[in-house]
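Trainee: Pasting input.tsv here (TSV, C-alpha atoms):
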```tsv
chain	number	residue	atom	x	y	z
A	9	MET	CA	33.50	60.47	-36.80
A	10	LYS	CA	35.96	59.02	-34.28
A	11	PRO	CA	36.14	55.21	-34.04
A	12	THR	CA	34.70	53.78	-30.85
A	13	LYS	CA	36.84	51.84	-28.37
A	14	ARG	CA	35.09	48.62	-29.41
A	15	LEU	CA	35.89	49.25	-33.07
A	16	LEU	CA	39.54	49.98	-32.25
A	17	VAL	CA	39.74	46.71	-30.32
A	18	LEU	CA	38.22	44.80	-33.25
A	19	MET	CA	40.64	46.42	-35.71
A	20	LEU	CA	43.60	45.55	-33.48
A	21	LEU	CA	42.38	41.99	-33.01
A	22	THR	CA	41.97	41.59	-36.78
A	23	MET	CA	45.54	42.77	-37.35
A	24	VAL	CA	46.89	40.36	-34.71
A	25	LEU	CA	44.95	37.39	-36.13
A	26	SER	CA	46.08	38.27	-39.65
A	27	THR	CA	49.71	38.34	-38.50
A	28	ILE	CA	49.37	34.97	-36.73
A	29	ALA	CA	47.74	33.43	-39.81
A	30	GLU	CA	50.51	34.70	-42.08
A	31	GLN	CA	53.19	33.37	-39.72
A	32	ALA	CA	51.46	29.97	-39.68
A	33	ASN	CA	51.24	29.91	-43.47
A	34	ALA	CA	54.92	30.83	-43.73
A	35	GLN	CA	55.81	27.99	-41.35
A	36	ARG	CA	53.77	25.53	-43.43
A	37	ARG	CA	55.54	26.71	-46.59
A	38	ARG	CA	58.93	26.20	-44.92
A	39	MET	CA	57.90	22.69	-43.84
A	40	MET	CA	56.92	21.82	-47.42
A	41	ARG	CA	60.35	22.69	-48.81
A	42	PRO	CA	62.77	19.86	-49.59
A	43	PHE	CA	65.91	19.78	-47.45
A	44	LYS	CA	69.08	17.76	-46.90
A	45	THR	CA	69.92	15.86	-43.72
A	46	ASP	CA	72.56	13.47	-42.39
A	47	THR	CA	70.10	12.21	-39.75
A	48	ALA	CA	67.17	10.60	-41.53
A	49	MET	CA	64.06	10.64	-39.35
A	50	VAL	CA	62.17	7.59	-40.54
A	51	HIS	CA	59.78	4.90	-39.36
A	52	ASP	CA	59.60	1.50	-41.11
A	53	PRO	CA	62.22	2.19	-43.84
A	54	VAL	CA	62.67	0.23	-47.06
A	55	MET	CA	65.01	1.00	-49.92
A	56	ALA	CA	65.49	0.77	-53.71
A	57	TYR	CA	68.24	1.71	-56.16
A	58	GLU	CA	67.94	3.14	-59.65
A	59	ASN	CA	70.45	4.96	-61.89
A	60	GLY	CA	72.88	5.93	-59.15
A	61	VAL	CA	70.25	7.03	-56.65
A	62	TYR	CA	69.02	5.28	-53.49
A	63	TYR	CA	65.34	5.76	-52.72
A	64	MET	CA	64.12	5.27	-49.16
A	65	PHE	CA	60.39	4.91	-48.52
A	66	SER	CA	58.86	4.93	-45.05
A	67	THR	CA	55.76	5.62	-42.99
A	68	GLY	CA	54.41	9.14	-43.46
A	69	MET	CA	51.87	11.34	-45.17
A	70	ARG	CA	51.13	9.67	-48.54
A	71	VAL	CA	54.31	7.57	-47.99
A	72	GLN	CA	57.46	9.48	-47.05
A	73	MET	CA	60.42	9.42	-49.45
A	74	MET	CA	64.09	10.39	-49.22
A	75	THR	CA	66.86	10.04	-51.81
A	76	SER	CA	70.63	9.76	-51.55
A	77	GLU	CA	73.62	9.13	-53.79
A	78	ASP	CA	75.94	7.99	-51.00
A	79	LEU	CA	73.67	6.58	-48.23
A	80	LYS	CA	74.92	9.38	-45.98
A	81	THR	CA	73.25	12.63	-46.99
A	82	TRP	CA	69.53	12.31	-47.62
A	83	ASN	CA	67.27	14.61	-49.60
A	84	TYR	CA	63.87	14.81	-47.96
A	85	SER	CA	60.75	15.37	-50.07
A	86	PRO	CA	57.83	16.46	-47.87
A	87	ARG	CA	55.08	16.00	-50.46
A	88	GLY	CA	54.87	12.22	-50.23
A	89	VAL	CA	54.86	9.60	-52.97
A	90	MET	CA	51.16	8.99	-53.59
A	91	PRO	CA	49.52	11.44	-56.00
A	92	GLU	CA	46.29	11.04	-54.01
A	93	ILE	CA	44.75	8.73	-51.43
A	94	PRO	CA	42.46	6.25	-53.24
A	95	GLU	CA	38.83	6.34	-52.14
A	96	TRP	CA	38.75	2.56	-51.69
A	97	THR	CA	41.15	2.82	-48.75
A	98	LYS	CA	38.78	5.03	-46.75
A	99	GLU	CA	35.89	2.65	-47.39
A	100	ALA	CA	37.97	-0.41	-46.45
A	101	VAL	CA	39.48	1.14	-43.31
A	102	PRO	CA	37.19	3.57	-41.41
A	103	GLY	CA	39.27	6.26	-39.74
A	104	PHE	CA	42.16	6.01	-42.20
A	105	SER	CA	43.13	9.29	-43.87
A	106	GLU	CA	46.56	10.13	-45.33
A	107	HIS	CA	49.09	8.78	-42.83
A	108	VAL	CA	50.27	5.69	-44.72
A	109	TRP	CA	52.25	3.00	-42.90
A	110	ALA	CA	55.06	0.59	-43.63
A	111	PRO	CA	55.57	0.44	-47.42
A	112	ASP	CA	57.64	-2.06	-49.36
A	113	VAL	CA	59.12	-1.67	-52.84
A	114	ILE	CA	60.57	-4.15	-55.33
A	115	ARG	CA	61.68	-4.23	-58.99
A	116	TRP	CA	60.11	-7.15	-60.84
A	117	HIS	CA	59.43	-7.71	-64.55
A	118	ASN	CA	60.67	-4.25	-65.53
A	119	ARG	CA	58.40	-2.33	-63.16
A	120	TRP	CA	58.53	-0.99	-59.63
A	121	TRP	CA	55.85	-2.30	-57.30
A	122	LEU	CA	55.11	-0.46	-54.05
A	123	ALA	CA	52.82	-1.91	-51.39
A	124	TYR	CA	51.49	0.27	-48.57
A	125	SER	CA	49.54	-0.23	-45.33
A	126	CYS	CA	46.24	1.41	-44.38
A	127	SER	CA	45.16	0.99	-40.76
A	128	THR	CA	44.42	2.62	-37.42
A	129	PHE	CA	46.55	1.96	-34.35
A	130	GLY	CA	45.89	-1.24	-32.41
A	131	LYS	CA	43.10	-2.62	-34.65
A	132	ASN	CA	43.16	-5.10	-37.50
A	133	THR	CA	40.62	-3.52	-39.79
A	134	SER	CA	43.42	-2.95	-42.28
A	135	ALA	CA	44.34	-3.20	-45.94
A	136	ILE	CA	47.47	-3.45	-48.05
A	137	GLY	CA	47.32	-1.43	-51.26
A	138	LEU	CA	49.47	-1.56	-54.39
A	139	MET	CA	50.97	1.01	-56.76
A	140	SER	CA	53.23	0.56	-59.76
A	141	SER	CA	55.52	2.75	-61.84
A	142	PRO	CA	58.03	2.06	-64.64
A	143	THR	CA	60.66	4.26	-62.95
A	144	LEU	CA	61.50	5.89	-59.63
A	145	GLY	CA	63.40	8.88	-60.98
A	146	ASN	CA	60.47	10.15	-63.04
A	147	PRO	CA	57.61	8.12	-61.56
A	148	ASP	CA	54.11	7.62	-62.88
A	149	TRP	CA	52.51	5.86	-59.94
A	150	LYS	CA	49.24	4.09	-60.72
A	151	ASP	CA	47.13	2.74	-57.88
A	152	LEU	CA	46.22	-0.91	-58.48
A	153	GLY	CA	43.81	-1.36	-55.58
A	154	CYS	CA	43.89	-3.73	-52.64
A	155	ILE	CA	46.19	-6.74	-52.40
A	156	ILE	CA	44.64	-8.11	-49.21
A	157	ALA	CA	42.54	-6.84	-46.27
A	158	SER	CA	41.62	-7.92	-42.76
A	159	ASN	CA	38.70	-7.09	-40.52
A	160	SER	CA	38.16	-6.70	-36.78
A	161	PRO	CA	35.15	-8.54	-35.28
A	162	THR	CA	32.57	-6.62	-33.32
A	163	PRO	CA	32.51	-7.33	-29.54
A	164	ASN	CA	29.69	-9.92	-29.75
A	165	GLU	CA	30.71	-11.50	-33.06
A	166	ASP	CA	32.20	-14.96	-33.47
A	167	LYS	CA	35.90	-14.20	-33.98
A	168	SER	CA	36.35	-17.38	-36.01
A	169	LEU	CA	34.29	-15.75	-38.78
A	170	ARG	CA	36.86	-13.00	-39.29
A	171	ASP	CA	40.56	-12.80	-40.09
A	172	ASN	CA	42.86	-13.59	-37.18
A	173	TRP	CA	45.68	-11.54	-38.67
A	174	ASN	CA	46.45	-7.92	-39.49
A	175	ALA	CA	46.96	-6.82	-43.10
A	176	ILE	CA	49.84	-4.38	-42.61
A	177	ASP	CA	53.66	-4.43	-42.93
A	178	PRO	CA	53.97	-6.02	-46.40
A	179	CYS	CA	57.18	-7.42	-47.85
A	180	PHE	CA	57.52	-8.84	-51.36
A	181	VAL	CA	59.76	-11.82	-52.07
A	182	ILE	CA	60.41	-13.54	-55.41
A	183	ASP	CA	61.04	-17.28	-55.16
A	184	ASP	CA	63.50	-19.42	-57.13
A	185	ASN	CA	60.84	-19.97	-59.81
A	186	ASP	CA	60.39	-16.22	-60.37
A	187	MET	CA	57.00	-16.20	-58.65
A	188	PRO	CA	56.04	-13.42	-56.23
A	189	TRP	CA	54.94	-13.92	-52.64
A	190	MET	CA	54.09	-11.46	-49.90
A	191	THR	CA	54.72	-11.78	-46.20
A	192	TYR	CA	52.98	-9.41	-43.80
A	193	GLY	CA	51.38	-9.20	-40.38
A	194	SER	CA	51.34	-7.61	-36.96
A	195	PHE	CA	50.19	-9.20	-33.66
A	196	TRP	CA	47.04	-11.41	-33.71
A	197	ASP	CA	48.21	-14.78	-35.14
A	198	GLY	CA	51.55	-13.35	-36.22
A	199	ILE	CA	53.40	-13.25	-39.53
A	200	GLN	CA	51.55	-14.41	-42.65
A	201	LEU	CA	52.71	-15.54	-46.09
A	202	VAL	CA	50.61	-15.65	-49.24
A	203	ARG	CA	51.37	-16.44	-52.88
A	204	LEU	CA	50.68	-13.70	-55.44
A	205	ASP	CA	49.92	-13.84	-59.14
A	206	THR	CA	51.70	-11.97	-61.94
A	207	THR	CA	49.64	-8.84	-61.19
A	208	MET	CA	50.93	-8.87	-57.60
A	209	HIS	CA	47.48	-9.73	-56.23
A	210	VAL	CA	46.25	-12.76	-54.29
A	211	PRO	CA	44.83	-15.43	-56.64
A	212	ALA	CA	41.26	-16.57	-56.05
A	213	GLY	CA	41.11	-19.25	-53.38
A	214	GLU	CA	44.65	-18.64	-52.09
A	215	LYS	CA	44.85	-18.57	-48.29
A	216	PRO	CA	47.60	-17.00	-46.13
A	217	VAL	CA	49.49	-19.23	-43.71
A	218	THR	CA	51.18	-18.28	-40.43
A	219	ILE	CA	54.98	-18.60	-40.58
A	220	ALA	CA	56.04	-16.93	-37.28
A	221	ARG	CA	54.64	-16.03	-33.88
A	222	ARG	CA	56.08	-14.16	-30.89
A	223	TYR	CA	54.93	-16.90	-28.52
A	224	GLY	CA	54.00	-20.50	-29.12
A	225	LYS	CA	51.97	-20.13	-25.95
A	226	ALA	CA	51.85	-16.70	-24.31
A	227	PRO	CA	52.93	-16.50	-20.63
A	228	GLN	CA	50.06	-16.00	-18.20
A	229	GLY	CA	49.53	-12.46	-16.99
A	230	LEU	CA	51.24	-10.84	-19.97
A	231	VAL	CA	49.61	-7.53	-20.95
A	232	ASN	CA	49.88	-5.53	-24.16
A	233	PRO	CA	50.77	-1.97	-23.04
A	234	THR	CA	49.71	-0.40	-26.36
A	235	SER	CA	46.36	-1.96	-27.31
A	236	LYS	CA	43.58	-3.98	-25.68
A	237	TYR	CA	42.57	-5.34	-29.08
A	238	ALA	CA	45.80	-6.79	-30.45
A	239	GLY	CA	46.68	-9.22	-27.67
A	240	VAL	CA	50.23	-10.08	-26.63
A	241	ASN	CA	51.56	-11.85	-29.74
A	242	ALA	CA	54.05	-9.01	-30.22
A	243	ILE	CA	55.59	-9.82	-33.60
A	244	GLU	CA	55.37	-7.81	-36.82
A	245	ALA	CA	57.26	-6.21	-39.72
A	246	PRO	CA	58.55	-9.30	-41.58
A	247	PHE	CA	61.26	-9.11	-44.22
A	248	ILE	CA	62.43	-12.13	-46.25
A	249	TYR	CA	65.90	-11.95	-47.80
A	250	LYS	CA	67.44	-14.63	-50.05
A	251	HIS	CA	71.11	-15.56	-49.65
A	252	ASN	CA	73.14	-18.59	-50.70
A	253	GLY	CA	70.22	-21.00	-51.04
A	254	TRP	CA	68.39	-19.86	-47.90
A	255	TYR	CA	65.40	-17.64	-47.24
A	256	TYR	CA	66.03	-15.56	-44.10
A	257	LEU	CA	62.97	-14.27	-42.25
A	258	PHE	CA	63.60	-11.16	-40.16
A	259	ALA	CA	60.82	-10.02	-37.83
A	260	SER	CA	60.39	-7.45	-35.07
A	261	TRP	CA	59.46	-8.52	-31.54
A	262	ASP	CA	57.83	-6.54	-28.77
A	263	TYR	CA	56.65	-2.93	-28.88
A	264	CYS	CA	57.33	-0.02	-31.20
A	265	CYS	CA	55.91	3.49	-31.34
A	266	ARG	CA	56.39	4.37	-27.64
A	267	GLY	CA	59.38	6.68	-27.94
A	268	GLU	CA	61.85	6.05	-25.12
A	269	LYS	CA	59.59	3.27	-23.79
A	270	SER	CA	59.95	1.25	-27.01
A	271	ASP	CA	61.59	-2.15	-26.58
A	272	TYR	CA	61.55	-3.22	-30.25
A	273	LYS	CA	64.10	-5.83	-31.37
A	274	VAL	CA	64.78	-7.89	-34.51
A	275	VAL	CA	65.06	-11.68	-34.69
A	276	VAL	CA	65.87	-13.96	-37.61
A	277	GLY	CA	65.23	-17.51	-38.76
A	278	ARG	CA	65.76	-19.32	-42.06
A	279	SER	CA	64.34	-21.96	-44.39
A	280	LYS	CA	65.32	-23.67	-47.64
A	281	LYS	CA	61.78	-22.99	-48.91
A	282	VAL	CA	59.97	-19.66	-49.05
A	283	GLU	CA	56.94	-21.35	-47.46
A	284	GLY	CA	58.99	-22.43	-44.44
A	285	PRO	CA	59.18	-23.81	-41.89
A	286	TYR	CA	61.52	-21.10	-40.62
A	287	ARG	CA	63.78	-22.10	-37.73
A	288	ASP	CA	66.17	-20.13	-35.57
A	289	ARG	CA	69.82	-21.00	-34.97
A	290	SER	CA	68.87	-23.48	-32.24
A	291	GLY	CA	66.42	-25.26	-34.55
A	292	LYS	CA	63.23	-23.93	-32.96
A	293	LYS	CA	60.40	-23.18	-35.35
A	294	MET	CA	59.41	-19.52	-35.59
A	295	THR	CA	55.75	-20.61	-35.47
A	296	ASP	CA	56.53	-21.88	-31.96
A	297	GLY	CA	58.13	-18.61	-30.84
A	298	GLY	CA	61.59	-19.24	-32.25
A	299	GLY	CA	63.87	-16.45	-33.41
A	300	THR	CA	67.58	-15.70	-33.06
A	301	LEU	CA	68.22	-12.20	-31.73
A	302	PHE	CA	69.77	-10.00	-34.43
A	303	ILE	CA	69.65	-6.45	-33.01
A	304	GLU	CA	68.09	-4.70	-30.03
A	305	GLY	CA	68.37	-1.34	-28.31
A	306	ASP	CA	71.65	-0.87	-26.48
A	307	LYS	CA	70.02	1.54	-23.95
A	308	ALA	CA	72.91	3.95	-24.60
A	309	GLU	CA	72.20	5.21	-28.12
A	310	PHE	CA	68.89	3.51	-28.88
A	311	GLU	CA	66.07	2.25	-26.66
A	312	GLY	CA	64.56	-0.04	-29.28
A	313	THR	CA	65.38	-1.02	-32.86
A	314	GLY	CA	63.15	-2.66	-35.45
A	315	HIS	CA	61.10	-2.84	-38.64
A	316	CYS	CA	64.04	-3.76	-40.83
A	317	ALA	CA	65.08	-4.49	-44.40
A	318	VAL	CA	68.20	-6.13	-45.90
A	319	TYR	CA	69.76	-5.44	-49.32
A	320	ASP	CA	72.76	-6.35	-51.44
A	321	LEU	CA	74.20	-3.00	-52.52
A	322	PRO	CA	75.14	-2.50	-56.16
A	323	THR	CA	78.81	-2.18	-57.03
A	324	THR	CA	79.51	1.46	-57.97
A	325	LEU	CA	82.38	3.95	-57.89
A	326	LEU	CA	81.32	4.77	-54.33
A	327	ASN	CA	80.88	1.12	-53.43
A	328	LEU	CA	83.65	-0.93	-55.04
A	329	ARG	CA	83.12	-4.17	-53.13
A	330	PRO	CA	79.95	-6.26	-52.71
A	331	ARG	CA	78.17	-5.34	-49.49
A	332	THR	CA	74.98	-6.33	-47.73
A	333	VAL	CA	73.33	-3.60	-45.69
A	334	PHE	CA	70.79	-3.88	-42.89
A	335	ILE	CA	68.49	-0.91	-42.24
A	336	CYS	CA	65.86	-0.29	-39.57
A	337	HIS	CA	64.63	2.52	-37.37
A	338	GLY	CA	65.82	3.06	-33.84
A	339	TYR	CA	64.37	5.16	-31.02
A	340	SER	CA	67.15	7.59	-30.24
A	341	LYS	CA	67.93	8.36	-26.60
A	342	LYS	CA	69.77	11.53	-27.58
A	343	MET	CA	66.69	12.71	-29.49
A	344	HIS	CA	64.25	11.72	-26.72
A	345	GLY	CA	62.73	8.75	-28.51
A	346	GLN	CA	62.66	10.09	-32.06
A	347	ALA	CA	62.78	7.29	-34.67
A	348	ILE	CA	65.84	7.64	-36.91
A	349	LEU	CA	67.55	5.52	-39.56
A	350	ILE	CA	70.06	2.84	-38.55
A	351	GLN	CA	72.39	1.39	-41.21
A	352	ARG	CA	74.78	-1.49	-40.49
A	353	GLU	CA	76.76	-3.82	-42.72
A	354	VAL	CA	76.00	-7.54	-42.59
A	355	GLU	CA	78.59	-10.31	-42.47
A	356	TRP	CA	78.12	-14.08	-42.43
A	357	THR	CA	79.17	-16.77	-39.98
A	358	GLU	CA	80.77	-20.00	-41.14
A	359	ASP	CA	77.47	-21.82	-40.77
A	360	GLY	CA	75.63	-19.23	-42.85
A	361	TRP	CA	73.95	-16.97	-40.30
A	362	PRO	CA	73.86	-13.20	-40.70
A	363	GLN	CA	75.32	-10.91	-38.07
A	364	LEU	CA	76.08	-7.20	-37.85
A	365	LYS	CA	79.62	-5.90	-38.26
```
Translate this structure into structure tokens?

Mentor:
Amino acid sequence: MKPTKRLLVLMLLTMVLSTIAEQANAQRRRMMRPFKTDTAMVHDPVMAYENGVYYMFSTGMRVQMMTSEDLKTWNYSPRGVMPEIPEWTKEAVPGFSEHVWAPDVIRWHNRWWLAYSCSTFGKNTSAIGLMSSPTLGNPDWKDLGCIIASNSPTPNEDKSLRDNWNAIDPCFVIDDNDMPWMTYGSFWDGIQLVRLDTTMHVPAGEKPVTIARRYGKAPQGLVNPTSKYAGVNAIEAPFIYKHNGWYYLFASWDYCCRGEKSDYKVVVGRSKKVEGPYRDRSGKKMTDGGGTLFIEGDKAEFEGTGHCAVYDLPTTLLNLRPRTVFICHGYSKKMHGQAILIQREVEWTEDGWPQLK
């Protein structure tokens, strides 16, 4: 019996769809392979060092990770750091799935601690989670639940009954008494600081305090171009770095995540105490909108630059002299707004302020 025209069409269509599916599967397999790159595409990078290897963690599916032995060539691992997404995160943050934001990592008391952000864009129903592992090279990450969470009010709810801050963008800092703290925050009432206990969680009754805002009082008519919920207090991504008796608070001003329209920039202030008050070079408090400009887009290579971290590099055969390195992501003009890694060395002024070489 000869096949009908309709049957021939169905057979041909099946073959075409099978070919397309196989090509798609092959592309997915290629994307899941590790690869090397000299141009690290990252958002919100932080870094750690263990046994001759630098580990860079950043925003991505289950937390993106790259490794390097020379801070030049990076090995990209597409599988992500987290073995699985904990169920508590989906209950705490409706709409959150596997795209994990803005991690931070620190070595403290012989363990690595990694905090991560769970949120949805422009809203402050968010949570900061915690994982821990004894090593980075052969990790055994255990999820330790939520460090802190924030909630968005409903339209008719009294906003004073909810958190006026956003629980994302964590950064650990250990004070001079070997006690851990965490700074975090994005928009709303700005950058927060809270003391942690020895399990890296917030002790019962401990309340965060605001240590930096974008504006003491926002100019009239200012509009947030990215979210109607977050307001115009455009400050986020804190990082506290200790140097020579001072705590330096770096924070990002203005707007990320808009490609070539991004106008992100980093400012800095300092304090003798981890709790603050943090002041800029002119003496203005960062809670009143103070902040000394540290880096911004040059409009030639980068449109905007932000979400930074600062580290003292270990002395090795590849790095014979003590160095302090500043890292952040920048929105590349050449790459049409793609976020890529920026690395610059830090030097110090006579009066103790950091600046880029």

Trainee: Once you count all atoms listed in the file, which residues end up no further than 8 Å from (58.1, 9.7, -50.0) in the file's frame, shown as a short mmCIF file (atom, residue, chain, number, x, y, z; two decimals) with C-alpha atoms, keeping the file's coordinate frame?

Mentor:
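Now in part38.cif:
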```
data_model
loop_
_atom_site.label_atom_id
_atom_site.label_comp_id
_atom_site.auth_asym_id
_atom_site.auth_seq_id
_atom_site.Cartn_x
_atom_site.Cartn_y
_atom_site.Cartn_z
CA MET A 64 64.12 5.27 -49.16
CA PHE A 65 60.39 4.91 -48.52
CA SER A 66 58.86 4.93 -45.05
CA GLY A 68 54.41 9.14 -43.46
CA ARG A 70 51.13 9.67 -48.54
CA VAL A 71 54.31 7.57 -47.99
CA GLN A 72 57.46 9.48 -47.05
CA MET A 73 60.42 9.42 -49.45
CA MET A 74 64.09 10.39 -49.22
CA TYR A 84 63.87 14.81 -47.96
CA SER A 85 60.75 15.37 -50.07
CA PRO A 86 57.83 16.46 -47.87
CA ARG A 87 55.08 16.00 -50.46
CA GLY A 88 54.87 12.22 -50.23
CA VAL A 89 54.86 9.60 -52.97
CA MET A 90 51.16 8.99 -53.59
#
```

Trainee: From the options A:Lys150, A:Ser140, A:Gly239, A:Pro211, which residue's atoms come nearest to A:Trp173, counting all atoms listed in the file?

Mentor: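 Among the listed residues, A:Gly239 lies closest to A:Trp173.
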
Trainee: Considering only C-alpha atoms, can you say which of A:Cys265, A:Ala157, A:Leu301, A:Ala123 comes closest to A:Gly277?

Mentor: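 Distance minimum relative to A:Gly277 lands on A:Leu301.
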
Trainee: If you count only C-alpha atoms, which residues fall within 12 Å of stretch 223-229 of chain A, apart from same-chain ones fewer than 4 positions away, as a PyMOL selection string?

Mentor: chain A and resi 195-199+218-219+239-243+261-262+292-299

Trainee: Keeping C-alpha atoms for every residue in the selection just given, could you write it to a file as a compact mmCIF listing (two decimals), in the coordinates of the input?

Mentor:
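So the final result, stored in part_2.txt, reads:
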```txt
# COMPACT_ATOMS: atom_id res chain seq x y z
CA PHE A 195 50.19 -9.20 -33.66
CA TRP A 196 47.04 -11.41 -33.71
CA ASP A 197 48.21 -14.78 -35.14
CA GLY A 198 51.55 -13.35 -36.22
CA ILE A 199 53.40 -13.25 -39.53
CA THR A 218 51.18 -18.28 -40.43
CA ILE A 219 54.98 -18.60 -40.58
CA GLY A 239 46.68 -9.22 -27.67
CA VAL A 240 50.23 -10.08 -26.63
CA ASN A 241 51.56 -11.85 -29.74
CA ALA A 242 54.05 -9.01 -30.22
CA ILE A 243 55.59 -9.82 -33.60
CA TRP A 261 59.46 -8.52 -31.54
CA ASP A 262 57.83 -6.54 -28.77
CA LYS A 292 63.23 -23.93 -32.96
CA LYS A 293 60.40 -23.18 -35.35
CA MET A 294 59.41 -19.52 -35.59
CA THR A 295 55.75 -20.61 -35.47
CA ASP A 296 56.53 -21.88 -31.96
CA GLY A 297 58.13 -18.61 -30.84
CA GLY A 298 61.59 -19.24 -32.25
CA GLY A 299 63.87 -16.45 -33.41
```

Trainee: What does the distance between atom CA of A:Arg289 and atom CA of A:Val181 come to in Å, to one decimal place?

Mentor: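 Value for the atom CA of A:Arg289-atom CA of A:Val181 distance: 21.9 Å.
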
Trainee: Skip stretch 40-51 of chain A itself and residues of its chain fewer than 2 positions away, then list as a PDB file with C-alpha atoms, in the frame of the given file all residues within 6 Å of it, counting all atoms listed in the file.

Mentor:
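Heads up, here's the output in around-v8.pdb:
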```pdb
ATOM      1  CA  ARG A  37      55.540  26.710 -46.590  1.00  0.00           C
ATOM      2  CA  ARG A  38      58.930  26.200 -44.920  1.00  0.00           C
ATOM      3  CA  PRO A  53      62.220   2.190 -43.840  1.00  0.00           C
ATOM      4  CA  SER A  66      58.860   4.930 -45.050  1.00  0.00           C
ATOM      5  CA  THR A  67      55.760   5.620 -42.990  1.00  0.00           C
ATOM      6  CA  LYS A  80      74.920   9.380 -45.980  1.00  0.00           C
ATOM      7  CA  THR A  81      73.250  12.630 -46.990  1.00  0.00           C
ATOM      8  CA  TRP A  82      69.530  12.310 -47.620  1.00  0.00           C
ATOM      9  CA  ASN A  83      67.270  14.610 -49.600  1.00  0.00           C
ATOM     10  CA  TYR A  84      63.870  14.810 -47.960  1.00  0.00           C
ATOM     11  CA  SER A  85      60.750  15.370 -50.070  1.00  0.00           C
ATOM     12  CA  PRO A  86      57.830  16.460 -47.870  1.00  0.00           C
ATOM     13  CA  HIS A 337      64.630   2.520 -37.370  1.00  0.00           C
ATOM     14  CA  ALA A 347      62.780   7.290 -34.670  1.00  0.00           C
ATOM     15  CA  ILE A 348      65.840   7.640 -36.910  1.00  0.00           C
ATOM     16  CA  LEU A 349      67.550   5.520 -39.560  1.00  0.00           C
TER      17      LEU A 349
END
```

Trainee: Missing atoms in stretch 230-234 of chain A: can you complete it with all heavy atoms, as a PDB file, in the coordinates of the input?

Mentor:
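This is the output file result_16.pdb:
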```
ATOM      1  N   LEU A 230      50.605 -11.790 -19.073  1.00  0.00           N
ATOM      2  CA  LEU A 230      51.240 -10.840 -19.970  1.00  0.00           C
ATOM      3  C   LEU A 230      50.197  -9.865 -20.507  1.00  0.00           C
ATOM      4  O   LEU A 230      49.105 -10.276 -20.896  1.00  0.00           O
ATOM      5  CB  LEU A 230      51.927 -11.577 -21.120  1.00  0.00           C
ATOM      6  CG  LEU A 230      52.980 -10.810 -21.920  1.00  0.00           C
ATOM      7  CD1 LEU A 230      54.147 -10.398 -21.038  1.00  0.00           C
ATOM      8  CD2 LEU A 230      53.476 -11.665 -23.078  1.00  0.00           C
ATOM      9  N   VAL A 231      50.548  -8.573 -20.523  1.00  0.00           N
ATOM     10  CA  VAL A 231      49.610  -7.530 -20.950  1.00  0.00           C
ATOM     11  C   VAL A 231      50.240  -6.724 -22.079  1.00  0.00           C
ATOM     12  O   VAL A 231      51.430  -6.402 -22.045  1.00  0.00           O
ATOM     13  CB  VAL A 231      49.257  -6.597 -19.772  1.00  0.00           C
ATOM     14  CG1 VAL A 231      48.375  -5.452 -20.253  1.00  0.00           C
ATOM     15  CG2 VAL A 231      48.546  -7.382 -18.676  1.00  0.00           C
ATOM     16  N   ASN A 232      49.440  -6.411 -23.074  1.00  0.00           N
ATOM     17  CA  ASN A 232      49.880  -5.530 -24.160  1.00  0.00           C
ATOM     18  C   ASN A 232      49.737  -4.087 -23.681  1.00  0.00           C
ATOM     19  O   ASN A 232      48.626  -3.628 -23.425  1.00  0.00           O
ATOM     20  CB  ASN A 232      49.016  -5.773 -25.402  1.00  0.00           C
ATOM     21  CG  ASN A 232      49.457  -4.944 -26.595  1.00  0.00           C
ATOM     22  OD1 ASN A 232      50.057  -3.890 -26.458  1.00  0.00           O
ATOM     23  ND2 ASN A 232      49.137  -5.426 -27.783  1.00  0.00           N
ATOM     24  N   PRO A 233      50.852  -3.333 -23.556  1.00  0.00           N
ATOM     25  CA  PRO A 233      50.770  -1.970 -23.040  1.00  0.00           C
ATOM     26  C   PRO A 233      50.264  -0.949 -24.053  1.00  0.00           C
ATOM     27  O   PRO A 233      50.045   0.200 -23.706  1.00  0.00           O
ATOM     28  CB  PRO A 233      52.216  -1.655 -22.651  1.00  0.00           C
ATOM     29  CG  PRO A 233      53.024  -2.459 -23.598  1.00  0.00           C
ATOM     30  CD  PRO A 233      52.246  -3.729 -23.821  1.00  0.00           C
ATOM     31  N   THR A 234      50.071  -1.360 -25.314  1.00  0.00           N
ATOM     32  CA  THR A 234      49.710  -0.400 -26.360  1.00  0.00           C
ATOM     33  C   THR A 234      48.279  -0.559 -26.867  1.00  0.00           C
ATOM     34  O   THR A 234      47.723   0.389 -27.414  1.00  0.00           O
ATOM     35  CB  THR A 234      50.654  -0.529 -27.569  1.00  0.00           C
ATOM     36  OG1 THR A 234      50.507  -1.814 -28.171  1.00  0.00           O
ATOM     37  CG2 THR A 234      52.091  -0.326 -27.139  1.00  0.00           C
TER      38      THR A 234
END
```
